[in-house]
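Asks: The structure under discussion is supplied below as structure tokens; questions concerning it will follow.
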Amino acid sequence: MWFDEALGKIRAPQGYFLDLASEEIACSTGVLLTDQNLHALSHRYEIDELQGLERGERETVIRPEDFEDAVLNLRVAIGNLPDTNMAQFVFLDACMALSKKGADPFKISEAYLAVSDSGKYSSLTDEATEEIIKLSRAEPIHVYEFLIGVAESQRRQLNFLYGRVTRKAWDGTVALDKLFSGEHIPGDPTVYLDQRYIDFLAKNGEDFGRIHWRNFERLTTEFFRRQGYEVDLGKGTKDGGVDVRVWTDREAKAGPPMMLIQCKRYKDVVGIETVKAFWADVHFEGAEKGLIATTSSISGDAKKLRDVRKWPMSFAESDEVHRWARTMWRLAPEIDEEE
């Protein structure tokens, strides 16, 4: 790899840019992308700089700012960022917003740099923030807003341009392919599906039909856990057709479930026989109601049977399941605010 000053571009084998993109995403988001993932996302989200790159000796040239934009687009594509605004523009917007409020971002910036360069603090502690407030003579709220702008700007910086990478940055990465190829058990025992996978699905609802069936069960369980219910994820095999049991709270768990859930990671329509069989499970366990969650849809006949027999059973079809992921998306509050 070398920088072509005449063109203002980086010249390197195409595989170098694939590796660099994967490394940038892994370090900044904790998600490991394969070449196939990069190709699929670059076409889905029209990321021109990465389309058509292949392994081998063939070289290509890309401007650093174009590569930066490509990485930001990838981060948006996997649900890690709400937009593709570059670091410097995010910081500039934060400063302009402060100016409109009557604050002086230049003075706050000077105080921030003075405190950062003093060597007194290894991180931005409360004491460091108080010193910035004192030196800048700015309103505390304005200093906090400035620091949020700095943090957001740093979060968007490319590692290879700013030299922020350490080996520790690779700790805890999850492979995107694992969402589709097998069950992924989060490192945090209090949750059922890694937040990074939820973020991806929030942006890529079309991939629900490809996720591993067990991860679909985990997503469903996590959704109801976050609604405040007490949940129990089944074993996954030989569970009698019941994938998730739901109670109103921990005390209620001593009795029958409030709701039984069956998860169907299907491409085909869920038919009437499946609904009839599941109702038998709901009735047998004495649950108040049942829910069938599917990545496809429920047949009209099955819905009609439910209505005619007045079974307390509901259905969550593909659009509703995607909505679950959107509500659990880490950026959902931020997106809702903008809208």
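Going by the structure tokens order, chains are called A, B, ..., each with residues numbered from 1, while ligands are numbered from 1 in the order shown.
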Check region 55-115 of chain A with DSSP on the backbone and list each residue it calls strand (DSSP E), as a PDB file with C-alpha atoms, in the first residue's frame.
Replies:
```pdb
ATOM      1  CA  GLU A  59      -4.650  -3.012  -7.515  1.00  0.00           C
ATOM      2  CA  THR A  60      -7.094  -0.147  -7.176  1.00  0.00           C
ATOM      3  CA  VAL A  61      -6.962   3.437  -5.941  1.00  0.00           C
ATOM      4  CA  ILE A  62      -9.320   5.043  -3.424  1.00  0.00           C
TER       5      ILE A  62
END
```
Asks: Could you name the residues that touch region 43-54 of chain A at 9 Å or less, counting only C-alpha atoms, but leaving out those on the same chain fewer than 5 positions away, as JSON, numbers by chain?
Replies: {"A": [13, 14, 15, 17, 18, 21, 35, 38, 60, 62, 66, 67, 69, 70, 71, 73, 74, 77]}
Asks: Excluding Pro256 (chain A) and residues on its chain fewer than 5 positions from it, collect all residues at most 7 Å away from it, counting only C-alpha atoms, and give them as number ranges by chain.
Replies: A: 285-287
Asks: Just the number, please: distance in Å from CA of His212 (chain A) to CA of Leu291 (chain A), one decimal.
Replies: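 If I compute the distance from CA of His212 (chain A) to CA of Leu291 (chain A), I get 19.7 Å.
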Asks: List as a list in words the protein and nucleic acid residues near Tyr144 (chain A), meaning an atom at most 12 Å away when only C-alpha atoms are counted, but skip any in the same chain fewer than 3 places from it.
Replies: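 The contact residues come out as Ala94, Cys95, Leu98, Ala103, Pro105, Ile108, Ser109, Tyr112, Leu124, Asp126, Ala128, Thr129, Glu130, Ile132, Ile133, Ala138, Glu139, Pro140, Ile141, Leu147, Ile148, Gly149, Val150 and Ala151 of chain A.
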Asks: Emit the selected residues as a compact mmCIF listing (two decimals), in the first residue's frame, including C-alpha atoms.
Replies:
```txt
# COMPACT_ATOMS: atom_id res chain seq x y z
CA ALA A 94 -21.82 20.68 17.81
CA CYS A 95 -19.78 23.89 17.97
CA LEU A 98 -23.28 25.97 21.06
CA ALA A 103 -21.69 29.89 24.28
CA PRO A 105 -16.98 26.85 21.76
CA ILE A 108 -14.34 25.58 25.78
CA SER A 109 -12.08 23.91 23.21
CA TYR A 112 -10.49 21.05 26.96
CA LEU A 124 -12.30 12.47 31.36
CA ASP A 126 -15.65 14.46 36.92
CA ALA A 128 -11.36 16.95 34.72
CA THR A 129 -14.76 18.16 33.57
CA GLU A 130 -14.99 20.55 36.52
CA ILE A 132 -12.74 22.52 31.99
CA ILE A 133 -15.79 24.37 33.29
CA ALA A 138 -18.77 28.41 30.46
CA GLU A 139 -22.11 27.11 31.66
CA PRO A 140 -21.76 23.46 32.76
CA ILE A 141 -24.50 22.37 30.35
CA LEU A 147 -17.85 16.95 25.37
CA ILE A 148 -20.69 14.93 23.88
CA GLY A 149 -19.79 16.42 20.49
CA VAL A 150 -16.14 15.48 21.00
CA ALA A 151 -17.07 11.92 21.98
```
Asks: At most 8 Å is the cut-off: for each residue in region 265-329 of chain A with any atom that close to an atom of region 176-199 of chain A, write down the nearest atom pair and the distance in Å rounded to one decimal, counting only C-alpha atoms, chain first then increasing number, as JSON lines.
Replies:
```
{"residue": "A:Ala325", "atom": "CA", "partner": "A:Ile198", "partner_atom": "CA", "distance": 5.8}
{"residue": "A:Arg326", "atom": "CA", "partner": "A:Asp199", "partner_atom": "CA", "distance": 7.8}
{"residue": "A:Met328", "atom": "CA", "partner": "A:Ile198", "partner_atom": "CA", "distance": 7.0}
{"residue": "A:Trp329", "atom": "CA", "partner": "A:Asp199", "partner_atom": "CA", "distance": 5.0}
```
Asks: Which residue, A:Arg225, A:Lys107, A:Arg75, A:Lys267, has the smallest gap to Asp249 (chain A) when you use only C-alpha atoms?
Replies: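 Of all the options, A:Arg225 lies closest to Asp249 (chain A).
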Asks: Find the residues around Trp311 (chain A) up to 9 Å (only C-alpha atoms counted), leave out those fewer than 4 positions away in its own chain, and share them as an MDAnalysis selection string.
Replies: chainID A and resid 279 289:290 305:307
Asks: Smallest atom-to-atom distance to Glu288 (chain A): which of A:Gln262, A:Asn85, A:Thr248, A:Ser99, using only C-alpha atoms?
Replies: A:Thr248
Asks: So which residues of region 65-176 of chain A fall under helix (DSSP H, G or I) by DSSP, listed as a ChimeraX atom specification?
Replies: /A:65-77,87-100,105-117,126-136,140-156,159-162,167-170
Asks: Taking only C-alpha atoms into account, which of A:Arg11, A:His322, A:Lys134, A:Arg63 comes nearest Ala202 (chain A)?
Replies: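 When distances to Ala202 (chain A) are compared using only C-alpha atoms, the smallest one comes from A:His322.
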Asks: Which is closest to Cys263 (chain A) among A:Phe216, A:Glu24, A:Glu222, A:Ser296, if we use only C-alpha atoms?
Replies: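 For Cys263 (chain A), the nearest of the candidates is A:Phe216.
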Asks: What is the distance between CA of Asp83 (chain A) and CA of Lys9 (chain A), in Å to one decimal?
Replies: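 Taking CA of Asp83 (chain A) and CA of Lys9 (chain A), their separation equals 24.5 Å.
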Asks: Calculate how many Å separate CA of Lys276 (chain A) from CA of Arg210 (chain A), rounding to one decimal.
Replies: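 Going from CA of Lys276 (chain A) over to CA of Arg210 (chain A) covers 25.9 Å.
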